[in-house]
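Peer 1: Below is the file upload.pdb, with PDB, C-alpha atoms.
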```
ATOM      1  CA  MET A   1     -67.409  48.115  54.808
ATOM      2  CA  SER A   2     -66.129  46.085  51.887
ATOM      3  CA  ASN A   3     -64.522  42.701  52.441
ATOM      4  CA  GLU A   4     -62.453  43.013  49.261
ATOM      5  CA  LYS A   5     -58.699  42.697  49.564
ATOM      6  CA  ASP A   6     -56.520  45.699  49.001
ATOM      7  CA  PRO A   7     -55.328  45.530  45.315
ATOM      8  CA  ALA A   8     -51.926  46.836  46.359
ATOM      9  CA  LYS A   9     -51.363  43.717  48.422
ATOM     10  CA  ALA A  10     -52.129  41.290  45.581
ATOM     11  CA  PRO A  11     -48.477  40.911  44.434
ATOM     12  CA  THR A  12     -47.454  39.754  47.920
ATOM     13  CA  VAL A  13     -49.371  36.454  47.691
ATOM     14  CA  PRO A  14     -46.779  33.619  47.736
ATOM     15  CA  TYR A  15     -46.530  31.788  44.423
ATOM     16  CA  ASP A  16     -46.838  28.374  46.078
ATOM     17  CA  ASP A  17     -50.112  29.417  47.689
ATOM     18  CA  ILE A  18     -51.434  30.194  44.217
ATOM     19  CA  LEU A  19     -50.224  27.031  42.488
ATOM     20  CA  ASP A  20     -50.701  24.359  45.140
ATOM     21  CA  ILE A  21     -54.180  24.935  46.544
ATOM     22  CA  ASP A  22     -56.010  21.611  46.382
ATOM     23  CA  ASP A  23     -59.216  22.453  48.268
ATOM     24  CA  LYS A  24     -60.630  24.772  45.580
ATOM     25  CA  PRO A  25     -62.130  23.945  42.192
ATOM     26  CA  ALA A  26     -59.659  23.565  39.300
ATOM     27  CA  PRO A  27     -58.479  25.112  37.072
ATOM     28  CA  HIS A  28     -58.960  28.465  38.891
ATOM     29  CA  PRO A  29     -58.026  28.093  42.571
ATOM     30  CA  GLU A  30     -58.806  31.695  43.494
ATOM     31  CA  GLU A  31     -61.933  33.692  44.117
ATOM     32  CA  ARG A  32     -62.602  36.387  41.548
ATOM     33  CA  SER A  33     -63.445  39.792  42.969
ATOM     34  CA  HIS A  34     -66.635  41.674  42.151
ATOM     35  CA  ILE A  35     -64.708  44.944  42.151
ATOM     36  CA  PHE A  36     -63.342  45.811  38.720
ATOM     37  CA  GLU A  37     -60.190  47.571  39.920
ATOM     38  CA  THR A  38     -59.320  44.656  42.191
ATOM     39  CA  ARG A  39     -59.630  42.185  39.348
ATOM     40  CA  VAL A  40     -57.326  44.238  37.118
ATOM     41  CA  ALA A  41     -54.797  44.694  39.928
ATOM     42  CA  THR A  42     -54.859  40.958  40.693
ATOM     43  CA  ALA A  43     -54.311  40.145  37.024
ATOM     44  CA  HIS A  44     -51.257  42.409  36.967
ATOM     45  CA  ALA A  45     -49.963  40.757  40.124
ATOM     46  CA  ARG A  46     -50.364  37.273  38.691
ATOM     47  CA  ARG A  47     -48.577  38.342  35.514
ATOM     48  CA  GLU A  48     -45.628  39.691  37.480
ATOM     49  CA  ALA A  49     -45.475  36.472  39.485
ATOM     50  CA  ALA A  50     -45.588  34.493  36.237
ATOM     51  CA  ASN A  51     -42.752  36.588  34.835
ATOM     52  CA  ASP A  52     -40.609  35.619  37.820
ATOM     53  CA  LEU A  53     -41.348  31.932  37.269
ATOM     54  CA  PHE A  54     -40.592  32.358  33.577
ATOM     55  CA  ARG A  55     -37.186  33.872  34.362
ATOM     56  CA  SER A  56     -36.417  31.039  36.753
ATOM     57  CA  GLY A  57     -37.185  28.450  34.060
ATOM     58  CA  ASP A  58     -40.496  27.189  35.508
ATOM     59  CA  ILE A  59     -42.437  27.488  32.277
ATOM     60  CA  GLY A  60     -45.299  25.265  33.375
ATOM     61  CA  GLY A  61     -45.824  27.355  36.523
ATOM     62  CA  ALA A  62     -45.633  30.557  34.508
ATOM     63  CA  ILE A  63     -48.290  29.294  32.107
ATOM     64  CA  ARG A  64     -50.651  28.496  34.979
ATOM     65  CA  LEU A  65     -50.226  31.977  36.438
ATOM     66  CA  TYR A  66     -50.616  33.708  33.075
ATOM     67  CA  GLU A  67     -53.841  31.792  32.507
ATOM     68  CA  LEU A  68     -54.965  32.771  36.011
ATOM     69  CA  ALA A  69     -54.249  36.411  35.184
ATOM     70  CA  LEU A  70     -56.496  36.146  32.137
ATOM     71  CA  TRP A  71     -59.218  34.554  34.242
ATOM     72  CA  HIS A  72     -59.291  37.547  36.587
ATOM     73  CA  VAL A  73     -59.986  39.919  33.678
ATOM     74  CA  GLU A  74     -62.445  37.630  31.933
ATOM     75  CA  PHE A  75     -65.934  39.096  31.475
ATOM     76  CA  ASP A  76     -69.016  37.768  29.767
ATOM     77  CA  GLU A  77     -69.961  39.540  26.555
ATOM     78  CA  LEU A  78     -72.896  41.464  27.981
ATOM     79  CA  SER A  79     -70.902  42.782  30.927
ATOM     80  CA  TYR A  80     -67.957  43.704  28.731
ATOM     81  CA  GLU A  81     -69.987  45.493  26.077
ATOM     82  CA  TYR A  82     -72.739  47.145  28.131
ATOM     83  CA  GLU A  83     -71.591  47.461  31.741
ATOM     84  CA  LEU A  84     -67.973  48.519  31.318
ATOM     85  CA  MET A  85     -67.098  52.014  30.206
ATOM     86  CA  ASP A  86     -64.574  52.656  27.442
ATOM     87  CA  LYS A  87     -61.830  53.372  29.963
ATOM     88  CA  HIS A  88     -62.561  50.050  31.694
ATOM     89  CA  ARG A  89     -62.393  48.124  28.427
ATOM     90  CA  ASP A  90     -59.059  49.799  27.705
ATOM     91  CA  MET A  91     -57.799  48.668  31.102
ATOM     92  CA  VAL A  92     -58.883  45.094  30.380
ATOM     93  CA  LYS A  93     -57.105  45.136  27.023
ATOM     94  CA  ALA A  94     -53.971  46.570  28.610
ATOM     95  CA  ALA A  95     -54.029  43.766  31.178
ATOM     96  CA  ARG A  96     -54.650  41.024  28.629
ATOM     97  CA  LEU A  97     -52.193  42.046  25.905
ATOM     98  CA  PRO A  98     -48.862  41.259  27.657
ATOM     99  CA  VAL A  99     -50.334  38.050  29.071
ATOM    100  CA  TYR A 100     -51.304  36.785  25.616
ATOM    101  CA  LEU A 101     -47.823  37.631  24.329
ATOM    102  CA  ASN A 102     -46.094  35.864  27.201
ATOM    103  CA  LEU A 103     -48.329  32.808  26.896
ATOM    104  CA  ALA A 104     -47.442  32.603  23.203
ATOM    105  CA  ALA A 105     -43.744  32.816  24.094
ATOM    106  CA  CYS A 106     -44.139  30.075  26.708
ATOM    107  CA  ARG A 107     -45.945  27.783  24.284
ATOM    108  CA  LEU A 108     -43.172  28.216  21.712
ATOM    109  CA  LYS A 109     -40.391  27.607  24.182
ATOM    110  CA  GLU A 110     -38.291  24.465  24.194
ATOM    111  CA  ASP A 111     -35.212  23.508  26.184
ATOM    112  CA  GLY A 112     -32.441  26.078  25.669
ATOM    113  CA  ASP A 113     -34.582  28.363  23.482
ATOM    114  CA  GLY A 114     -34.778  32.107  24.004
ATOM    115  CA  ASP A 115     -33.518  34.782  26.359
ATOM    116  CA  GLY A 116     -35.388  34.146  29.593
ATOM    117  CA  ASP A 117     -36.184  37.775  30.372
ATOM    118  CA  GLY A 118     -39.857  37.143  31.009
ATOM    119  CA  ASP A 119     -40.977  39.933  28.709
ATOM    120  CA  GLY A 120     -42.687  37.826  26.077
ATOM    121  CA  ASP A 121     -39.731  37.349  23.738
ATOM    122  CA  GLY A 122     -39.448  33.699  24.627
ATOM    123  CA  GLY A 123     -36.636  32.060  26.445
ATOM    124  CA  GLY A 124     -35.107  30.608  29.540
ATOM    125  CA  ASP A 125     -31.734  29.388  30.647
ATOM    126  CA  GLY A 126     -32.270  25.917  29.255
ATOM    127  CA  SER A 127     -32.683  24.311  32.682
ATOM    128  CA  GLY A 128     -35.021  21.370  32.295
ATOM    129  CA  THR A 129     -37.301  20.510  29.416
ATOM    130  CA  PRO A 130     -40.897  21.196  30.474
ATOM    131  CA  PRO A 131     -43.479  19.586  28.187
ATOM    132  CA  THR A 132     -45.174  22.906  27.526
ATOM    133  CA  ARG A 133     -44.600  23.530  23.801
ATOM    134  CA  ASP A 134     -47.861  23.787  21.898
ATOM    135  CA  VAL A 135     -47.498  25.616  18.587
ATOM    136  CA  ALA A 136     -51.246  25.743  17.913
ATOM    137  CA  LYS A 137     -51.894  27.424  21.267
ATOM    138  CA  ALA A 138     -48.960  29.759  20.678
ATOM    139  CA  HIS A 139     -50.528  30.863  17.407
ATOM    140  CA  ALA A 140     -53.907  31.363  19.090
ATOM    141  CA  HIS A 141     -52.417  33.471  21.902
ATOM    142  CA  ALA A 142     -50.436  35.627  19.461
ATOM    143  CA  ALA A 143     -53.558  36.105  17.348
ATOM    144  CA  ALA A 144     -55.481  37.164  20.469
ATOM    145  CA  ALA A 145     -52.786  39.736  21.225
ATOM    146  CA  LEU A 146     -52.973  41.078  17.675
ATOM    147  CA  ALA A 147     -56.755  41.316  17.971
ATOM    148  CA  ILE A 148     -56.093  43.860  20.722
ATOM    149  CA  ASP A 149     -53.186  45.620  19.024
ATOM    150  CA  ALA A 150     -53.096  44.755  15.347
ATOM    151  CA  ALA A 151     -49.767  46.556  14.956
ATOM    152  CA  HIS A 152     -47.668  44.906  17.629
ATOM    153  CA  PRO A 153     -44.226  43.735  16.398
ATOM    154  CA  LYS A 154     -43.826  41.133  19.128
ATOM    155  CA  GLY A 155     -47.250  39.689  18.396
ATOM    156  CA  LEU A 156     -46.427  39.534  14.692
ATOM    157  CA  TYR A 157     -43.113  37.833  15.420
ATOM    158  CA  LEU A 158     -44.699  35.223  17.702
ATOM    159  CA  ARG A 159     -47.539  34.453  15.303
ATOM    160  CA  GLY A 160     -45.105  34.301  12.399
ATOM    161  CA  LYS A 161     -42.824  31.921  14.266
ATOM    162  CA  ALA A 162     -45.766  29.688  15.175
ATOM    163  CA  ALA A 163     -46.831  29.628  11.528
ATOM    164  CA  LEU A 164     -43.274  28.772  10.500
ATOM    165  CA  LEU A 165     -43.102  25.864  12.945
ATOM    166  CA  ARG A 166     -46.370  24.532  11.509
ATOM    167  CA  GLY A 167     -44.998  24.710   7.969
ATOM    168  CA  ASN A 168     -47.268  27.577   6.857
ATOM    169  CA  THR A 169     -44.619  29.604   5.077
ATOM    170  CA  GLU A 170     -46.814  32.280   3.471
ATOM    171  CA  PRO A 171     -48.478  33.498   6.721
ATOM    172  CA  ALA A 172     -45.101  33.238   8.435
ATOM    173  CA  ARG A 173     -43.442  35.415   5.784
ATOM    174  CA  ARG A 174     -46.158  38.082   6.001
ATOM    175  CA  ASP A 175     -46.013  38.345   9.782
ATOM    176  CA  LEU A 176     -42.238  38.224  10.057
ATOM    177  CA  LYS A 177     -41.695  40.822   7.333
ATOM    178  CA  ALA A 178     -44.263  43.091   8.979
ATOM    179  CA  ALA A 179     -42.485  42.674  12.315
ATOM    180  CA  LEU A 180     -39.118  43.395  10.717
ATOM    181  CA  ALA A 181     -40.472  46.548   9.081
ATOM    182  CA  LEU A 182     -41.466  47.773  12.530
ATOM    183  CA  LYS A 183     -38.259  46.632  14.255
ATOM    184  CA  PRO A 184     -35.533  46.422  11.583
ATOM    185  CA  GLY A 185     -32.781  45.463  14.007
ATOM    186  CA  ASP A 186     -34.647  42.742  15.899
ATOM    187  CA  LYS A 187     -32.375  39.701  16.117
ATOM    188  CA  LEU A 188     -35.155  37.172  16.792
ATOM    189  CA  VAL A 189     -37.176  38.314  13.785
ATOM    190  CA  ARG A 190     -34.123  38.130  11.511
ATOM    191  CA  GLU A 191     -33.304  34.644  12.772
ATOM    192  CA  ALA A 192     -36.881  33.525  12.118
ATOM    193  CA  LEU A 193     -36.754  34.907   8.573
ATOM    194  CA  LEU A 194     -33.467  33.079   8.008
ATOM    195  CA  ALA A 195     -35.062  29.863   9.272
ATOM    196  CA  LEU A 196     -37.961  30.470   6.882
ATOM    197  CA  LYS A 197     -35.556  30.871   3.965
ATOM    198  CA  ARG A 198     -33.762  27.649   4.880
ATOM    199  CA  GLN A 199     -37.048  25.783   5.209
ATOM    200  CA  GLU A 200     -38.176  26.940   1.779
ATOM    201  CA  GLU A 201     -34.822  26.006   0.236
ATOM    202  CA  ALA A 202     -35.052  22.543   1.809
ATOM    203  CA  ALA A 203     -38.575  22.134   0.433
ATOM    204  CA  ARG A 204     -37.459  23.143  -3.067
ATOM    205  CA  GLN A 205     -34.500  20.756  -2.898
ATOM    206  CA  ALA A 206     -36.770  17.915  -1.799
ATOM    207  CA  GLU A 207     -39.098  18.723  -4.688
ATOM    208  CA  ARG A 208     -36.232  18.733  -7.176
ATOM    209  CA  GLU A 209     -35.042  15.380  -5.864
ATOM    210  CA  THR A 210     -38.529  13.918  -6.168
ATOM    211  CA  TRP A 211     -38.869  15.025  -9.780
ATOM    212  CA  ALA A 212     -35.352  13.784 -10.547
ATOM    213  CA  LYS A 213     -36.319  10.332  -9.260
ATOM    214  CA  ILE A 214     -39.474  10.338 -11.387
ATOM    215  CA  ARG A 215     -37.504  11.407 -14.436
ATOM    216  CA  ALA A 216     -34.799   8.789 -13.871
ATOM    217  CA  LYS A 217     -37.418   6.075 -13.453
ATOM    218  CA  GLN A 218     -39.189   7.022 -16.691
ATOM    219  CA  GLN A 219     -35.905   7.297 -18.573
ATOM    220  CA  LYS A 220     -34.870   3.914 -17.266
ATOM    221  CA  GLY A 221     -38.157   2.433 -18.502
ATOM    222  CA  ALA A 222     -37.747   3.984 -21.952
ATOM    223  CA  ALA A 223     -34.142   2.807 -22.185
ATOM    224  CA  ALA A 224     -35.188  -0.714 -21.238
ATOM    225  CA  THR A 225     -37.838  -0.637 -23.971
ATOM    226  CA  ALA A 226     -35.262   0.489 -26.536
ATOM    227  CA  ALA A 227     -32.789  -2.182 -25.424
ATOM    228  CA  ALA A 228     -35.430  -4.880 -25.670
ATOM    229  CA  ALA A 229     -36.395  -3.746 -29.154
ATOM    230  CA  ALA A 230     -32.766  -3.714 -30.284
ATOM    231  CA  THR A 231     -32.153  -7.176 -28.826
ATOM    232  CA  ALA A 232     -35.238  -8.571 -30.556
ATOM    233  CA  ALA A 233     -34.208  -7.060 -33.901
ATOM    234  CA  THR A 234     -30.640  -8.388 -33.584
ATOM    235  CA  ALA A 235     -31.971 -11.835 -32.780
ATOM    236  CA  ALA A 236     -34.187 -11.682 -35.848
ATOM    237  CA  VAL A 237     -31.224 -10.724 -38.051
ATOM    238  CA  GLU A 238     -29.105 -13.545 -36.645
ATOM    239  CA  ALA A 239     -31.915 -16.052 -37.077
ATOM    240  CA  GLU A 240     -32.405 -14.979 -40.672
ATOM    241  CA  ALA A 241     -28.691 -15.300 -41.359
ATOM    242  CA  GLU A 242     -28.555 -18.801 -39.867
ATOM    243  CA  ALA A 243     -31.500 -19.826 -42.007
ATOM    244  CA  GLY A 244     -29.707 -18.641 -45.124
ATOM    245  CA  GLY A 245     -31.970 -15.694 -45.659
ATOM    246  CA  THR A 246     -31.167 -12.900 -48.020
ATOM    247  CA  GLY A 247     -29.214  -9.801 -47.122
ATOM    248  CA  GLU A 248     -32.286  -7.792 -47.976
ATOM    249  CA  THR A 249     -34.232  -9.498 -45.201
ATOM    250  CA  ALA A 250     -31.390  -8.860 -42.729
ATOM    251  CA  ASP A 251     -31.243  -5.216 -43.745
ATOM    252  CA  THR A 252     -34.973  -4.905 -43.226
ATOM    253  CA  ALA A 253     -34.691  -6.357 -39.731
ATOM    254  CA  ARG A 254     -31.768  -4.074 -38.942
ATOM    255  CA  ARG A 255     -33.737  -1.061 -40.089
ATOM    256  CA  ALA A 256     -36.643  -2.183 -37.911
ATOM    257  CA  ALA A 257     -34.310  -2.405 -34.930
ATOM    258  CA  GLU A 258     -32.948   1.079 -35.594
ATOM    259  CA  ALA A 259     -36.484   2.403 -35.881
ATOM    260  CA  SER A 260     -37.371   0.842 -32.516
ATOM    261  CA  VAL A 261     -34.338   2.426 -30.883
ATOM    262  CA  GLY A 262     -35.196   5.779 -32.429
ATOM    263  CA  ALA A 263     -38.766   5.523 -31.175
ATOM    264  CA  ALA A 264     -37.519   4.789 -27.656
ATOM    265  CA  GLN A 265     -35.174   7.796 -27.774
ATOM    266  CA  THR A 266     -38.030   9.988 -28.948
ATOM    267  CA  GLU A 267     -40.092   8.759 -26.009
ATOM    268  CA  VAL A 268     -37.306   9.732 -23.618
ATOM    269  CA  GLN A 269     -37.136  13.218 -25.140
ATOM    270  CA  THR A 270     -40.917  13.571 -24.887
ATOM    271  CA  ILE A 271     -40.793  12.627 -21.212
ATOM    272  CA  GLU A 272     -38.073  15.217 -20.600
ATOM    273  CA  ARG A 273     -40.136  17.940 -22.294
ATOM    274  CA  ARG A 274     -43.211  17.058 -20.255
ATOM    275  CA  LEU A 275     -41.253  17.131 -17.019
ATOM    276  CA  SER A 276     -39.813  20.533 -17.929
ATOM    277  CA  TRP A 277     -43.274  22.127 -17.850
ATOM    278  CA  LEU A 278     -44.881  19.887 -15.243
ATOM    279  CA  LEU A 279     -42.381  20.999 -12.591
ATOM    280  CA  PRO A 280     -43.320  24.719 -12.616
ATOM    281  CA  ILE A 281     -47.009  23.769 -12.703
ATOM    282  CA  ALA A 282     -46.486  21.644  -9.603
ATOM    283  CA  VAL A 283     -44.731  24.532  -7.863
ATOM    284  CA  VAL A 284     -47.645  26.873  -8.656
ATOM    285  CA  CYS A 285     -50.159  24.301  -7.403
ATOM    286  CA  LEU A 286     -48.265  23.952  -4.133
ATOM    287  CA  ALA A 287     -48.184  27.725  -3.732
ATOM    288  CA  VAL A 288     -51.950  27.964  -4.338
ATOM    289  CA  LEU A 289     -52.547  25.181  -1.822
ATOM    290  CA  GLY A 290     -50.422  27.015   0.733
ATOM    291  CA  ALA A 291     -52.410  30.208   0.138
ATOM    292  CA  LEU A 292     -55.722  28.364   0.600
ATOM    293  CA  LEU A 293     -54.495  26.846   3.863
ATOM    294  CA  SER A 294     -53.185  30.165   5.108
ATOM    295  CA  ALA A 295     -56.602  31.755   4.487
ATOM    296  CA  ARG A 296     -57.910  29.745   7.426
ATOM    297  CA  TRP A 297     -55.468  31.385   9.813
ATOM    298  CA  GLY A 298     -57.015  34.846   9.678
ATOM    299  CA  GLU A 299     -55.048  38.027   9.321
ATOM    300  CA  GLY A 300     -53.447  40.024  12.102
ATOM    301  CA  ALA A 301     -51.640  43.273  11.464
ATOM    302  CA  ALA A 302     -48.502  44.911  12.666
ATOM    303  CA  ALA A 303     -46.860  46.850  15.482
ATOM    304  CA  ASP A 304     -46.081  48.701  18.729
ATOM    305  CA  GLU A 305     -44.046  47.476  21.697
ATOM    306  CA  LEU A 306     -45.623  47.041  25.113
TER     307      LEU A 306
END
```
Take the structure from the file and write it as structure tokens.
Peer 2:
Amino acid sequence: MSNEKDPAKAPTVPYDDILDIDDKPAPHPEERSHIFETRVATAHARREAANDLFRSGDIGGAIRLYELALWHVEFDELSYEYELMDKHRDMVKAARLPVYLNLAACRLKEDGDGDGDGDGDGGGDGSGTPPTRDVAKAHAHAAAALAIDAAHPKGLYLRGKAALLRGNTEPARRDLKAALALKPGDKLVREALLALKRQEEAARQAERETWAKIRAKQQKGAAATAAAAATAATAAVEAEAEAGGTGETADTARRAAEASVGAAQTEVQTIERRLSWLLPIAVVCLAVLGALLSARWGEGAAADEL
């Protein structure tokens, strides 16, 4: 007779018994069954318990239970590929997918952010500020979900939001637009796209201000050069006049001063022309750099609800 626990009873385990066991090895304080169906049922039970903690605002506790749920359906590569049948692998994926999504939502959450429904959209009632936000982990969890279902709108939204928070606007735009195409009326996706637009506008404004400062500094330098040349020429004219020099000499000095001023003005105009084509080049370079960085993120895809 098997000593395994009845899978149907798994959800009745008190949450505190799961989280506060000190006499078992961390970070997994539970025994993992050798029966496949029991492991899947236990994973579902831990996810439901985590959802309850999520709704109550205990994000840290929810994260621990979500990670425990994943642990129960964790298999080594040989077992997963060669011992499990296709239907078993599908069951594992079905158990993992919502957990990855909810972990991503937890890792993106901050005080007062989201709806607190425990379904992976993110959220809470804003009670407390648990130090659980980790954008890199959020991106990794969302990517893991999309590796299971490459067309999941919630996964695309979560990965896009994580990319946005890390300043990777191109991957964020791709994921968020793909999510919006699948769920056109989704409020969270639209808000994220609006935040993306504002972030890009702020970046462009900062860039314009930087180039304006460079231009003003160069113009100031050219103007100072012209003023110095004019002052020197005027001094030469005055010195010549005091020495009783000829008008022809004074005219020559005046012409030299005018030529110096003209040269300085030409320099200013040249600087302006150079800045006018350097700016778009800089924008293109930044875009290329962003694309190169985004290539390291890997591509997901797009799609279905849980």
Peer 1: So what does the PyMOL selection byres ((chain A and resi 157) around 12) actually pick up in this one, as a PyMOL selection string?
Peer 2: chain A and resi 101+104-105+108+120-122+138-139+142-143+145-146+151-156+158-164+171-183+186-193+300-305
Peer 1: Starting from the PyMOL selection byres ((chain A and resi 59-72) around 9), expand the selection into actual residues of this file and give them as a ChimeraX atom specification.
Peer 2: /A:15,18-19,27-33,39-40,42-58,73-75,95-96,99-100,102-103,106-107,109,124,130-132
Peer 1: At what distance in Å, to one decimal, does atom CA of A:Gln269 lie from atom CA of A:Ala202?
Peer 2: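 Result for atom CA of A:Ala202 versus atom CA of A:Gln269: 28.6 Å, one decimal.
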Peer 1: From the set A:Ala224, A:Ala41, A:Asn168, A:Thr266, which residue has the shortest atom-to-atom contact distance to A:Ala94, counting only C-alpha atoms?
Peer 2: A:Ala41
Peer 1: Go through A:Leu196, A:Ile214, A:Ala150, A:Ala229 one by one, measure the shortest atom-to-atom distance of each to A:Leu97 using only C-alpha atoms, and give the residue with the smallest value.
Peer 2: A:Ala150
Peer 1: Please compute the atom CA of A:Lys87-atom CA of A:Phe36 distance, one decimal, in Å.
Peer 2: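 These atoms are spaced 11.7 Å apart.
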Peer 1: Around all the atoms of stretch 67-76 of chain A listed in the file, draw an axis-aligned box and extend it by 3 Å on each of the six sides; I want its centre and edge lengths in Å to one decimal, as AutoDock Vina command-line options.
Peer 2:
```
--center_x -61.4 --center_y 35.9 --center_z 33.2 --size_x 21.2 --size_y 14.1 --size_z 12.8
```
Peer 1: Please compute the atom CA of A:Glu170-atom CA of A:Asp149 distance, one decimal, in Å.
Peer 2: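 Between these atoms lies a distance of 21.5 Å.
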